[in-house]
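Novice: The structure that follows is given in the form of structure tokens.
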Amino acid sequence: MHELKTILDAIDEKSYGAYRRLKGAFRFEGGALFIDHVQSDPFAPPSRVRLRVERDFAAIPHELVRDPVRKIAVEDFLAREVSRALPYDGSEESDRRSNITIDSGHQTVLDRSACVIRDTWVEARLEVRLPALRRRVLGREAKILLTEQLPEIARGCLSLDPRDAARARDFVDVVERQEQIRALLPEHRLVAFVANGANLARENGASDRPMRDAIPFVAPPTLEVELTLPSGAVVSGMGIPEGVTLIVGGGYHGKTTLLRALERGVYAHIPGDGRELVVTRNDAVKIRAEDGRSITGVDIRPFIQRLPGGKSSASFSTDDASGSTSQAANIVEALEVGAKVLLVDEDSSATNFMIRDARMQALVATKDEPIVSFIDRGRELYEAHGVSTVVVMGGSGDYFDPADRVIKMADFTPEDVTTEAKQIAASLPTGRVTQTPAAFSRPSPRRPIVETVDASRGHRLVRIDTNDGARVRFGSQLIELGAVEQLVDPSQLRAAAHAVYHAVHRFGADQASVSDMMTAVDALFDREGMDVLATRGSRGEHPGCFARPRRFEIASCLNRLRSLRM
């Protein structure tokens with residue numbers, strides 16, 4: 001620290017470039033500060049630093065990190081502790097900080113690179129804006145920031161006194177409980193579980209925080225299950241069985257709110273979120289229409305039999321997909337990489353893809369309609385391939401016929417109306433004919449051509465940037481990911497794009513399939529963590545800005561790369 005103070009005194013009021021002298025490592029009592037990258041000017045992306053303390057100083061109980069689930073939860077907890085300790089900038093927006101930021105996340109607990117625990121040390125990775133006045137170094141302010149505030153944050157947040165350890169234990173236990181429930185779902189033949197008392201409603205359409213005074217979830221008696229956790233604790237709530245489940249109800253009664261909770265249930269949530277015990281199998285994928293997306297070499301014949309002009313749909317490619325072709329491709333691509341549960345909402349689906357009623361079938365003959373509606377594939381997907389579906393449907397009772405169960409949401413309260421729905425279907429036949437010209441076949445493996453996955457820009461071999469949670473700049477291309485709804489964090493988006501590059505360029509030389517690449521990347525993450533994604537020339541020397549995406553979201557990023565060829 002004495003050396004760092006000396007440098008800051010020497011460069012005070014010099015041009016901003018003098019800050020480059022700070023790059024290096026500086027010890028303080030209890031730990032060390034690593035300045036890995038110094039921003040080029042006050043308006044450039046922030047400088048990147050690491051705070052490290054010795055493992056003995058951190059005093060993290062071994063039982064909190066005894067397995068990967070608990071270790072990820074503790075790292076998430078520590079990142080949030082650092083975030084809470086950062087100085088505010090004086091604004092009313094509590095998420096805005098002054099000169100220091102850390103990627104601490106929001107409502108979900110993810111495998112992040114912002115804070116890592118190793119055998120001998122604990123480290124937090126932060127971004128810091130070095131103070132300046134008219135492009136001149138403010139040495140005194142920088143001295144307070146670097147030699148006082150940051151060391152104090154390290155000592156106060158990366159070590160656990162008995163009170164902190166108790167809070168961390170509570171946090172970890174909540175996360176572990178969710179993963180234990182997830183592990184129980186297959187043996188109970190469930191695709192999801194929603195605990196009694198859960199709060200599914202969110203603060204507003206732009207917020208993921210829980211709504212105050214929301215109606216607590218209560219399972220209908222016929223779908224209520226009890227799950228016994230390894231600790232012996234018993235949790236009760238609604239179990240959604242495998243098969244075809246239909247969610248119905250009037251507008252604004254909670255259909256989409258329930259489905260939204262299920263799609264987010266593939267991740268653990270923080271204590272107090274309200275969805276801590278809303279758990280979905282981790283092979284569940286949200287499916288929607290996505291007009292305008294690019295598609296490369298996807299066999300969409302199970303849903304689109306032929307294309308205009310008699311073209312085959314066995315290897316469909318386009319730079320501007322329609323609603324129906326995009327939804328068909330989204331399903332096939334999800335199945336290609338192992339999805340076993342499809343979550344579908346009619347509000348974000350293509351109508352002609354979801355249903356053709358009897359009157360339309362009578363007017364437009366089957367020979368003139370190339371689209372096989374999703375309603376005609378749901379039962380087959382489950383019976384022939386073990387793929388379950390959960391469909392929100394408020395506009396067509398034709399879906400009563402293939403459904404195994406029907407859940408009606410009324411004022412955010414679920415009712416099992418399966419018997420009533422089946423009686424209605426029997427008493428009011430629609431005359432609709434199931435149309436499946438050919439059996440649903442599993443997608444053939446697609447193998448990316450390595451050279452078409454190019455992340456270079458200018459003189460940099462890899463240049464990947466994200467400015468928001470909806471798109472990523474991959475080399476000179478822009479990948480639109482706003483419709484990939486289970487990418488819940490900008491850091492996941494960033495990691496997914498980097499993972500695409502690693503998947504193809506590490507594992508594509510032997511013509512590996514997309515599925516094989518995703519399996520290899522998962523194994524790489526399990527073995528080396530998110531740090532493996534740090535690519536010099538992209539985000540810098542330390543990867544404090546990544547959160548682990550699932551294989552499905554990585555594949556989605558790859559599949560939307562417009563240069564991709566198979």
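Residues are referred to by chain and number: the chain letter is A, B, ... according to the order shown in the structure tokens, the number counts from 1 in that chain, and ligands are numbered separately from 1 in the order shown.
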Mind checking which residues fall within 7 Å of range 199-215 of chain A, counting only C-alpha atoms, ignoring those fewer than 6 positions away in the same chain, and posting them as a PyMOL selection string?
Specialist: chain A and resi 107+257-258+261+273-275+412
Novice: Let me see the file: selected residues, C-alpha atoms, as a JSON list (two decimals), in the first residue's frame.
Specialist:
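File written: result-v8.json
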[["chain", "number", "residue", "atom", "x", "y", "z"],
["A", 107, "GLN", "CA", -33.17, -12.58, -7.80],
["A", 257, "THR", "CA", -47.54, -15.56, -14.10],
["A", 258, "LEU", "CA", -47.52, -19.27, -13.26],
["A", 261, "ALA", "CA", -42.45, -18.79, -12.48],
["A", 273, "ASP", "CA", -37.92, -13.82, -3.51],
["A", 274, "GLY", "CA", -41.17, -15.71, -3.03],
["A", 275, "ARG", "CA", -40.22, -18.39, -5.56],
["A", 412, "PHE", "CA", -54.15, -16.38, -9.06]]
Novice: Considering only C-alpha atoms, return as a list in words whatever protein or nucleic-acid residues lie within 12 Å of Thr419 in chain A, sequence-local ones (same chain, fewer than 4 positions apart) excluded.
Specialist: Thr222, Phe400, Asp401, Ala403, Asp404, Arg405, Val406, Ile407, Lys408, Glu415, Gln423, Ile424, Ala425 and Ala426 of chain A
Novice: Just list as a VMD selection string whatever in range 9-73 of chain A DSSP marks as strand (DSSP E).
Specialist: chain A and resid 24 to 28 31 to 37 47 to 54
Novice: Using N, CA, C and O atoms, can you write the selected residues to a file as a PDB file, in the first residue's frame?
Specialist:
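For reference, result-v7.pdb as written:
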ATOM      1  N   GLY A  24      -0.686  -3.765 -11.346  1.00  0.00           N
ATOM      2  CA  GLY A  24       0.178  -4.596 -10.526  1.00  0.00           C
ATOM      3  C   GLY A  24      -0.553  -5.096  -9.302  1.00  0.00           C
ATOM      4  O   GLY A  24      -1.782  -5.015  -9.201  1.00  0.00           O
ATOM      5  N   ALA A  25       0.213  -5.614  -8.323  1.00  0.00           N
ATOM      6  CA  ALA A  25      -0.339  -6.179  -7.100  1.00  0.00           C
ATOM      7  C   ALA A  25       0.183  -5.408  -5.895  1.00  0.00           C
ATOM      8  O   ALA A  25       1.371  -5.059  -5.837  1.00  0.00           O
ATOM      9  N   PHE A  26      -0.716  -5.160  -4.926  1.00  0.00           N
ATOM     10  CA  PHE A  26      -0.359  -4.365  -3.752  1.00  0.00           C
ATOM     11  C   PHE A  26      -0.959  -5.036  -2.517  1.00  0.00           C
ATOM     12  O   PHE A  26      -2.171  -5.241  -2.439  1.00  0.00           O
ATOM     13  N   ARG A  27      -0.094  -5.334  -1.555  1.00  0.00           N
ATOM     14  CA  ARG A  27      -0.546  -6.014  -0.354  1.00  0.00           C
ATOM     15  C   ARG A  27      -1.046  -5.025   0.686  1.00  0.00           C
ATOM     16  O   ARG A  27      -0.533  -3.914   0.796  1.00  0.00           O
ATOM     17  N   PHE A  28      -2.048  -5.459   1.432  1.00  0.00           N
ATOM     18  CA  PHE A  28      -2.517  -4.708   2.594  1.00  0.00           C
ATOM     19  C   PHE A  28      -2.761  -5.706   3.716  1.00  0.00           C
ATOM     20  O   PHE A  28      -2.725  -6.923   3.494  1.00  0.00           O
ATOM     21  N   GLY A  31      -4.786  -9.013   3.133  1.00  0.00           N
ATOM     22  CA  GLY A  31      -5.029  -9.426   1.761  1.00  0.00           C
ATOM     23  C   GLY A  31      -4.225  -8.654   0.746  1.00  0.00           C
ATOM     24  O   GLY A  31      -3.178  -8.083   1.047  1.00  0.00           O
ATOM     25  N   ALA A  32      -4.737  -8.638  -0.509  1.00  0.00           N
ATOM     26  CA  ALA A  32      -4.018  -7.980  -1.589  1.00  0.00           C
ATOM     27  C   ALA A  32      -5.004  -7.405  -2.590  1.00  0.00           C
ATOM     28  O   ALA A  32      -6.112  -7.927  -2.779  1.00  0.00           O
ATOM     29  N   LEU A  33      -4.560  -6.315  -3.239  1.00  0.00           N
ATOM     30  CA  LEU A  33      -5.305  -5.675  -4.314  1.00  0.00           C
ATOM     31  C   LEU A  33      -4.551  -5.901  -5.614  1.00  0.00           C
ATOM     32  O   LEU A  33      -3.364  -5.590  -5.714  1.00  0.00           O
ATOM     33  N   PHE A  34      -5.232  -6.463  -6.614  1.00  0.00           N
ATOM     34  CA  PHE A  34      -4.644  -6.666  -7.942  1.00  0.00           C
ATOM     35  C   PHE A  34      -5.329  -5.703  -8.908  1.00  0.00           C
ATOM     36  O   PHE A  34      -6.547  -5.756  -9.078  1.00  0.00           O
ATOM     37  N   ILE A  35      -4.555  -4.841  -9.528  1.00  0.00           N
ATOM     38  CA  ILE A  35      -5.091  -3.940 -10.558  1.00  0.00           C
ATOM     39  C   ILE A  35      -4.684  -4.536 -11.896  1.00  0.00           C
ATOM     40  O   ILE A  35      -3.532  -4.448 -12.319  1.00  0.00           O
ATOM     41  N   ASP A  36      -5.641  -5.177 -12.555  1.00  0.00           N
ATOM     42  CA  ASP A  36      -5.353  -5.961 -13.759  1.00  0.00           C
ATOM     43  C   ASP A  36      -5.425  -5.143 -15.040  1.00  0.00           C
ATOM     44  O   ASP A  36      -4.687  -5.394 -15.985  1.00  0.00           O
ATOM     45  N   HIS A  37      -6.333  -4.188 -15.067  1.00  0.00           N
ATOM     46  CA  HIS A  37      -6.519  -3.390 -16.287  1.00  0.00           C
ATOM     47  C   HIS A  37      -6.888  -1.978 -15.875  1.00  0.00           C
ATOM     48  O   HIS A  37      -7.745  -1.782 -15.009  1.00  0.00           O
ATOM     49  N   SER A  47     -11.830   0.320 -15.064  1.00  0.00           N
ATOM     50  CA  SER A  47     -10.673  -0.497 -14.716  1.00  0.00           C
ATOM     51  C   SER A  47     -11.150  -1.758 -14.004  1.00  0.00           C
ATOM     52  O   SER A  47     -12.224  -1.784 -13.399  1.00  0.00           O
ATOM     53  N   ARG A  48     -10.335  -2.803 -14.038  1.00  0.00           N
ATOM     54  CA  ARG A  48     -10.714  -4.073 -13.428  1.00  0.00           C
ATOM     55  C   ARG A  48      -9.711  -4.439 -12.346  1.00  0.00           C
ATOM     56  O   ARG A  48      -8.491  -4.440 -12.587  1.00  0.00           O
ATOM     57  N   VAL A  49     -10.244  -4.755 -11.181  1.00  0.00           N
ATOM     58  CA  VAL A  49      -9.395  -5.071 -10.039  1.00  0.00           C
ATOM     59  C   VAL A  49      -9.913  -6.331  -9.353  1.00  0.00           C
ATOM     60  O   VAL A  49     -11.069  -6.736  -9.539  1.00  0.00           O
ATOM     61  N   ARG A  50      -9.035  -6.925  -8.554  1.00  0.00           N
ATOM     62  CA  ARG A  50      -9.407  -8.069  -7.729  1.00  0.00           C
ATOM     63  C   ARG A  50      -9.004  -7.794  -6.286  1.00  0.00           C
ATOM     64  O   ARG A  50      -7.945  -7.237  -6.026  1.00  0.00           O
ATOM     65  N   LEU A  51      -9.847  -8.216  -5.381  1.00  0.00           N
ATOM     66  CA  LEU A  51      -9.549  -8.169  -3.948  1.00  0.00           C
ATOM     67  C   LEU A  51      -9.429  -9.601  -3.451  1.00  0.00           C
ATOM     68  O   LEU A  51     -10.335 -10.416  -3.662  1.00  0.00           O
ATOM     69  N   ARG A  52      -8.318  -9.918  -2.796  1.00  0.00           N
ATOM     70  CA  ARG A  52      -8.084 -11.291  -2.354  1.00  0.00           C
ATOM     71  C   ARG A  52      -7.697 -11.316  -0.888  1.00  0.00           C
ATOM     72  O   ARG A  52      -6.918 -10.476  -0.433  1.00  0.00           O
ATOM     73  N   VAL A  53      -8.264 -12.254  -0.151  1.00  0.00           N
ATOM     74  CA  VAL A  53      -7.846 -12.502   1.228  1.00  0.00           C
ATOM     75  C   VAL A  53      -7.506 -13.975   1.360  1.00  0.00           C
ATOM     76  O   VAL A  53      -8.011 -14.821   0.614  1.00  0.00           O
ATOM     77  N   GLU A  54      -6.639 -14.280   2.313  1.00  0.00           N
ATOM     78  CA  GLU A  54      -6.268 -15.672   2.546  1.00  0.00           C
ATOM     79  C   GLU A  54      -7.471 -16.446   3.078  1.00  0.00           C
ATOM     80  O   GLU A  54      -8.326 -15.904   3.779  1.00  0.00           O
TER      81      GLU A  54
END
Novice: Leaving out Gly254 in chain A and any residue of its chain fewer than 6 positions from it, which residues lie within 8 Å of it when counting only C-alpha atoms, given as a list of chain:residue names?
Specialist: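 Result of the neighbour search: A:Met409, A:Ala410, A:Asp411, A:Phe412, A:Thr413.
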Novice: The selected residues should be written to file as a tab-separated table (two decimals), in the first residue's frame (atoms: N, CA and C atoms).
Specialist:
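Dumped to selection.tsv:
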chain	number	residue	atom	x	y	z
A	409	MET	N	-56.54	-21.22	-13.64
A	409	MET	CA	-56.14	-20.14	-12.73
A	409	MET	C	-57.30	-19.16	-12.60
A	410	ALA	N	-57.76	-18.97	-11.37
A	410	ALA	CA	-58.84	-18.03	-11.08
A	410	ALA	C	-58.39	-17.15	-9.93
A	411	ASP	N	-58.19	-15.87	-10.20
A	411	ASP	CA	-57.69	-14.93	-9.20
A	411	ASP	C	-56.39	-15.45	-8.57
A	412	PHE	N	-55.48	-15.91	-9.44
A	412	PHE	CA	-54.15	-16.38	-9.06
A	412	PHE	C	-54.18	-17.63	-8.18
A	413	THR	N	-55.32	-18.33	-8.19
A	413	THR	CA	-55.45	-19.57	-7.42
A	413	THR	C	-55.70	-20.72	-8.39
Novice: Between CA of Arg20 in chain A and CA of Glu152 in chain A, what is the spacing in Å?
Specialist: 23.4 Å
Novice: Using only C-alpha atoms, which of A:Glu176, A:Glu226, A:Asp283, A:Asp41 sits nearest Ile270 in chain A?
Specialist: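 Nearest to Ile270 in chain A: A:Glu176.
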Novice: Can you check which parts of range 228-273 of chain A lie within 12 Å of range 334-354 of chain A? Per residue, the shortest pair of atoms and distance in Å to one decimal, counting only C-alpha atoms, sorted by chain and number, as a Markdown table.
Specialist:
| residue | atom | partner | partner_atom | distance |
| --- | --- | --- | --- | --- |
| A:Ile240 | CA | A:Val341 | CA | 11.3 |
| A:Pro241 | CA | A:Val341 | CA | 10.9 |
| A:Glu242 | CA | A:Val341 | CA | 8.5 |
| A:Gly243 | CA | A:Val341 | CA | 9.0 |
| A:Val244 | CA | A:Leu342 | CA | 9.6 |
| A:Thr245 | CA | A:Leu343 | CA | 9.7 |
| A:Leu246 | CA | A:Val344 | CA | 9.7 |
| A:Ile247 | CA | A:Asp345 | CA | 9.2 |
| A:Val248 | CA | A:Asp345 | CA | 10.5 |
| A:Gly251 | CA | A:Asp347 | CA | 11.0 |
| A:Lys255 | CA | A:Asp345 | CA | 8.9 |
| A:Thr256 | CA | A:Asp345 | CA | 7.1 |
| A:Thr257 | CA | A:Asp345 | CA | 10.6 |
| A:Leu258 | CA | A:Asp345 | CA | 10.6 |
| A:Leu259 | CA | A:Leu343 | CA | 7.3 |
| A:Arg260 | CA | A:Leu343 | CA | 9.2 |
| A:Ala261 | CA | A:Leu343 | CA | 10.9 |
| A:Leu262 | CA | A:Leu343 | CA | 8.2 |
| A:Glu263 | CA | A:Leu343 | CA | 7.1 |
| A:Arg264 | CA | A:Leu343 | CA | 10.9 |
| A:Gly265 | CA | A:Leu343 | CA | 11.6 |
| A:Val266 | CA | A:Val341 | CA | 11.1 |
Novice: Could you build a table of the residues in range 305-347 of chain A lying no more than 12 Å from range 358-379 of chain A, giving for each the nearest pair of atoms and their separation in Å rounded to one decimal place, using only C-alpha atoms, ordered by chain and ascending residue number, as JSON lines?
Specialist:
{"residue": "A:Gln305", "atom": "CA", "partner": "A:Pro370", "partner_atom": "CA", "distance": 4.9}
{"residue": "A:Arg306", "atom": "CA", "partner": "A:Pro370", "partner_atom": "CA", "distance": 5.6}
{"residue": "A:Leu307", "atom": "CA", "partner": "A:Pro370", "partner_atom": "CA", "distance": 7.4}
{"residue": "A:Pro308", "atom": "CA", "partner": "A:Pro370", "partner_atom": "CA", "distance": 9.2}
{"residue": "A:Gly309", "atom": "CA", "partner": "A:Pro370", "partner_atom": "CA", "distance": 11.9}
{"residue": "A:Gly310", "atom": "CA", "partner": "A:Pro370", "partner_atom": "CA", "distance": 10.4}
{"residue": "A:Lys311", "atom": "CA", "partner": "A:Pro370", "partner_atom": "CA", "distance": 11.4}
{"residue": "A:Ser312", "atom": "CA", "partner": "A:Pro370", "partner_atom": "CA", "distance": 11.1}
{"residue": "A:Ser313", "atom": "CA", "partner": "A:Pro370", "partner_atom": "CA", "distance": 10.1}
{"residue": "A:Gly323", "atom": "CA", "partner": "A:Ile371", "partner_atom": "CA", "distance": 11.7}
{"residue": "A:Ser324", "atom": "CA", "partner": "A:Ile371", "partner_atom": "CA", "distance": 8.1}
{"residue": "A:Thr325", "atom": "CA", "partner": "A:Ile371", "partner_atom": "CA", "distance": 9.0}
{"residue": "A:Gln327", "atom": "CA", "partner": "A:Phe374", "partner_atom": "CA", "distance": 9.7}
{"residue": "A:Ala328", "atom": "CA", "partner": "A:Phe374", "partner_atom": "CA", "distance": 8.8}
{"residue": "A:Ile331", "atom": "CA", "partner": "A:Phe374", "partner_atom": "CA", "distance": 10.1}
{"residue": "A:Val341", "atom": "CA", "partner": "A:Gly378", "partner_atom": "CA", "distance": 11.0}
{"residue": "A:Leu342", "atom": "CA", "partner": "A:Gly378", "partner_atom": "CA", "distance": 9.6}
{"residue": "A:Leu343", "atom": "CA", "partner": "A:Gly378", "partner_atom": "CA", "distance": 11.5}
{"residue": "A:Val344", "atom": "CA", "partner": "A:Phe374", "partner_atom": "CA", "distance": 10.1}
{"residue": "A:Asp345", "atom": "CA", "partner": "A:Phe374", "partner_atom": "CA", "distance": 12.0}
{"residue": "A:Glu346", "atom": "CA", "partner": "A:Phe374", "partner_atom": "CA", "distance": 11.0}
Novice: Using only C-alpha atoms, please write the residues we just selected to a file, as a PDB file, in the first residue's frame.
Specialist:
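Result file is selection-v4.pdb:
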ATOM      1  CA  GLN A 305     -44.011 -30.480 -44.183  1.00  0.00           C
ATOM      2  CA  ARG A 306     -42.910 -28.481 -47.183  1.00  0.00           C
ATOM      3  CA  LEU A 307     -41.967 -24.987 -48.247  1.00  0.00           C
ATOM      4  CA  PRO A 308     -43.260 -22.765 -51.072  1.00  0.00           C
ATOM      5  CA  GLY A 309     -42.117 -23.919 -54.481  1.00  0.00           C
ATOM      6  CA  GLY A 310     -41.928 -27.534 -53.346  1.00  0.00           C
ATOM      7  CA  LYS A 311     -38.687 -26.979 -51.394  1.00  0.00           C
ATOM      8  CA  SER A 312     -37.769 -29.489 -48.728  1.00  0.00           C
ATOM      9  CA  SER A 313     -37.905 -28.485 -45.065  1.00  0.00           C
ATOM     10  CA  GLY A 323     -43.571 -16.932 -36.593  1.00  0.00           C
ATOM     11  CA  SER A 324     -44.423 -20.546 -37.429  1.00  0.00           C
ATOM     12  CA  THR A 325     -41.040 -21.541 -38.889  1.00  0.00           C
ATOM     13  CA  GLN A 327     -41.328 -21.701 -33.391  1.00  0.00           C
ATOM     14  CA  ALA A 328     -40.841 -25.012 -35.174  1.00  0.00           C
ATOM     15  CA  ILE A 331     -38.593 -26.739 -30.627  1.00  0.00           C
ATOM     16  CA  VAL A 341     -39.968 -30.267 -20.991  1.00  0.00           C
ATOM     17  CA  LEU A 342     -41.410 -27.590 -23.295  1.00  0.00           C
ATOM     18  CA  LEU A 343     -43.056 -24.491 -21.797  1.00  0.00           C
ATOM     19  CA  VAL A 344     -45.370 -22.692 -24.238  1.00  0.00           C
ATOM     20  CA  ASP A 345     -47.585 -19.608 -23.891  1.00  0.00           C
ATOM     21  CA  GLU A 346     -50.153 -18.890 -26.600  1.00  0.00           C
TER      22      GLU A 346
END
Novice: Find the spatial neighbours of Arg134 in chain A, counting only C-alpha atoms, within a cut-off of 10 Å - ignore same-chain residues fewer than 6 positions away - and output them as a ChimeraX atom specification.
Specialist: /A:13,15-16,42
Novice: Create the file for the chosen residues now, containing all heavy atoms and written as a PDB file, in the first residue's frame.
Specialist:
ATOM      1  N   GLU A  13      -2.806  15.024 -10.558  1.00  0.00           N
ATOM      2  CA  GLU A  13      -3.039  16.105 -11.508  1.00  0.00           C
ATOM      3  C   GLU A  13      -2.317  15.924 -12.844  1.00  0.00           C
ATOM      4  O   GLU A  13      -2.328  16.824 -13.684  1.00  0.00           O
ATOM      5  CB  GLU A  13      -2.659  17.460 -10.901  1.00  0.00           C
ATOM      6  CG  GLU A  13      -3.508  17.819  -9.688  1.00  0.00           C
ATOM      7  CD  GLU A  13      -3.269  19.234  -9.222  1.00  0.00           C
ATOM      8  OE1 GLU A  13      -2.414  19.936  -9.805  1.00  0.00           O
ATOM      9  OE2 GLU A  13      -3.948  19.658  -8.266  1.00  0.00           O
ATOM     10  N   SER A  15      -1.899  13.865 -16.595  1.00  0.00           N
ATOM     11  CA  SER A  15      -2.904  13.403 -17.556  1.00  0.00           C
ATOM     12  C   SER A  15      -3.372  11.999 -17.177  1.00  0.00           C
ATOM     13  O   SER A  15      -2.643  11.229 -16.533  1.00  0.00           O
ATOM     14  CB  SER A  15      -2.324  13.392 -18.973  1.00  0.00           C
ATOM     15  OG  SER A  15      -1.266  12.464 -19.060  1.00  0.00           O
ATOM     16  N   TYR A  16      -4.589  11.673 -17.599  1.00  0.00           N
ATOM     17  CA  TYR A  16      -5.236  10.444 -17.142  1.00  0.00           C
ATOM     18  C   TYR A  16      -4.417   9.196 -17.450  1.00  0.00           C
ATOM     19  O   TYR A  16      -4.428   8.223 -16.706  1.00  0.00           O
ATOM     20  CB  TYR A  16      -6.624  10.322 -17.770  1.00  0.00           C
ATOM     21  CG  TYR A  16      -7.532   9.374 -17.033  1.00  0.00           C
ATOM     22  CD1 TYR A  16      -8.322   9.817 -15.981  1.00  0.00           C
ATOM     23  CD2 TYR A  16      -7.608   8.033 -17.382  1.00  0.00           C
ATOM     24  CE1 TYR A  16      -9.165   8.953 -15.296  1.00  0.00           C
ATOM     25  CE2 TYR A  16      -8.438   7.159 -16.705  1.00  0.00           C
ATOM     26  CZ  TYR A  16      -9.217   7.619 -15.654  1.00  0.00           C
ATOM     27  OH  TYR A  16     -10.036   6.749 -14.972  1.00  0.00           O
ATOM     28  N   PRO A  42     -11.321   8.654 -18.767  1.00  0.00           N
ATOM     29  CA  PRO A  42     -12.452   8.616 -17.836  1.00  0.00           C
ATOM     30  C   PRO A  42     -13.736   8.056 -18.428  1.00  0.00           C
ATOM     31  O   PRO A  42     -14.619   7.620 -17.680  1.00  0.00           O
ATOM     32  CB  PRO A  42     -12.644  10.089 -17.448  1.00  0.00           C
ATOM     33  CG  PRO A  42     -11.332  10.732 -17.710  1.00  0.00           C
ATOM     34  CD  PRO A  42     -10.758  10.027 -18.890  1.00  0.00           C
TER      35      PRO A  42
END
Novice: Have a look at A:Val521, A:Leu4, A:Ile287, A:Leu78 and name the one nearest to Tyr19 in chain A; count only C-alpha atoms.
Specialist: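 When distances to Tyr19 in chain A are compared using only C-alpha atoms, the smallest one comes from A:Leu4.
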Novice: Just the residues within 12 Å of range 463-478 of chain A, please, counting only C-alpha atoms, with nothing from its chain fewer than 6 positions along; format it as an MDAnalysis selection string.
Specialist: chainID A and resid 45 293:294 452:457 484:501 533:540 545:546 557:558 560:564
Novice: Considering only C-alpha atoms, return as number ranges by chain whatever protein or nucleic-acid residues lie within 12 Å of His62 in chain A, sequence-local ones (same chain, fewer than 6 positions apart) excluded.
Specialist: A: 55-56, 70-71, 74, 117-119, 165, 169
Novice: Keeping all heavy atoms for every residue in the selection just given, could you write it to a file as a short mmCIF file (atom, residue, chain, number, x, y, z; two decimals), in the first residue's frame?
Specialist:
data_model
loop_
_atom_site.label_atom_id
_atom_site.label_comp_id
_atom_site.auth_asym_id
_atom_site.auth_seq_id
_atom_site.Cartn_x
_atom_site.Cartn_y
_atom_site.Cartn_z
N ARG A 55 -7.53 -17.72 2.76
CA ARG A 55 -8.66 -18.56 3.16
C ARG A 55 -8.80 -18.61 4.68
O ARG A 55 -9.92 -18.58 5.22
CB ARG A 55 -8.49 -19.96 2.57
CG ARG A 55 -9.62 -20.92 2.86
CD ARG A 55 -10.89 -20.56 2.12
NE ARG A 55 -11.94 -21.51 2.44
CZ ARG A 55 -12.16 -22.63 1.76
NH1 ARG A 55 -11.41 -22.92 0.69
NH2 ARG A 55 -13.12 -23.45 2.10
N ASP A 56 -7.68 -18.66 5.40
CA ASP A 56 -7.75 -18.68 6.86
C ASP A 56 -8.37 -17.39 7.38
O ASP A 56 -9.16 -17.40 8.33
CB ASP A 56 -6.35 -18.87 7.46
CG ASP A 56 -5.81 -20.27 7.20
OD1 ASP A 56 -6.61 -21.17 6.88
OD2 ASP A 56 -4.59 -20.46 7.32
N ARG A 70 -23.43 -25.88 -2.63
CA ARG A 70 -23.23 -25.00 -1.48
C ARG A 70 -22.12 -23.99 -1.76
O ARG A 70 -22.21 -22.82 -1.37
CB ARG A 70 -22.93 -25.84 -0.23
CG ARG A 70 -24.11 -26.68 0.20
CD ARG A 70 -23.77 -27.64 1.33
NE ARG A 70 -23.55 -26.95 2.60
CZ ARG A 70 -24.52 -26.59 3.42
NH1 ARG A 70 -25.80 -26.82 3.11
NH2 ARG A 70 -24.25 -26.00 4.57
N LYS A 71 -21.07 -24.41 -2.44
CA LYS A 71 -19.97 -23.50 -2.75
C LYS A 71 -20.45 -22.36 -3.66
O LYS A 71 -20.12 -21.18 -3.43
CB LYS A 71 -18.83 -24.25 -3.41
CG LYS A 71 -17.64 -23.40 -3.81
CD LYS A 71 -16.51 -24.29 -4.31
CE LYS A 71 -15.34 -23.45 -4.81
NZ LYS A 71 -15.65 -22.79 -6.09
N VAL A 74 -22.41 -19.92 -1.55
CA VAL A 74 -21.58 -19.06 -0.70
C VAL A 74 -20.91 -17.97 -1.54
O VAL A 74 -20.85 -16.80 -1.12
CB VAL A 74 -20.51 -19.89 0.05
CG1 VAL A 74 -19.54 -18.97 0.79
CG2 VAL A 74 -21.18 -20.83 1.04
N ILE A 117 -14.02 -18.92 -4.53
CA ILE A 117 -13.37 -19.49 -3.36
C ILE A 117 -12.44 -20.59 -3.83
O ILE A 117 -12.85 -21.51 -4.53
CB ILE A 117 -14.41 -20.06 -2.38
CG1 ILE A 117 -15.36 -18.95 -1.91
CG2 ILE A 117 -13.73 -20.72 -1.19
CD1 ILE A 117 -16.52 -19.47 -1.08
N ARG A 118 -11.18 -20.47 -3.47
CA ARG A 118 -10.18 -21.50 -3.78
C ARG A 118 -9.67 -22.11 -2.48
O ARG A 118 -10.02 -21.66 -1.39
CB ARG A 118 -9.03 -20.90 -4.59
CG ARG A 118 -9.46 -20.35 -5.94
CD ARG A 118 -9.82 -21.47 -6.90
NE ARG A 118 -10.09 -20.95 -8.24
CZ ARG A 118 -11.30 -20.73 -8.74
NH1 ARG A 118 -12.36 -20.98 -7.98
NH2 ARG A 118 -11.47 -20.29 -9.96
N ASP A 119 -8.81 -23.12 -2.60
CA ASP A 119 -8.31 -23.81 -1.41
C ASP A 119 -7.56 -22.88 -0.47
O ASP A 119 -7.61 -23.05 0.75
CB ASP A 119 -7.39 -24.97 -1.81
CG ASP A 119 -8.16 -26.09 -2.50
OD1 ASP A 119 -9.40 -26.16 -2.29
OD2 ASP A 119 -7.54 -26.88 -3.23
N ALA A 165 -21.50 -15.76 9.29
CA ALA A 165 -21.54 -17.18 8.98
C ALA A 165 -22.95 -17.74 9.15
O ALA A 165 -23.40 -18.59 8.36
CB ALA A 165 -20.55 -17.95 9.86
N ARG A 169 -25.13 -19.33 6.22
CA ARG A 169 -25.68 -20.68 6.34
C ARG A 169 -27.16 -20.69 5.97
O ARG A 169 -27.63 -21.59 5.27
CB ARG A 169 -25.47 -21.18 7.77
CG ARG A 169 -25.80 -22.66 7.97
CD ARG A 169 -25.40 -23.12 9.37
NE ARG A 169 -23.95 -23.12 9.52
CZ ARG A 169 -23.25 -22.23 10.23
NH1 ARG A 169 -23.89 -21.25 10.85
NH2 ARG A 169 -21.94 -22.31 10.32
#
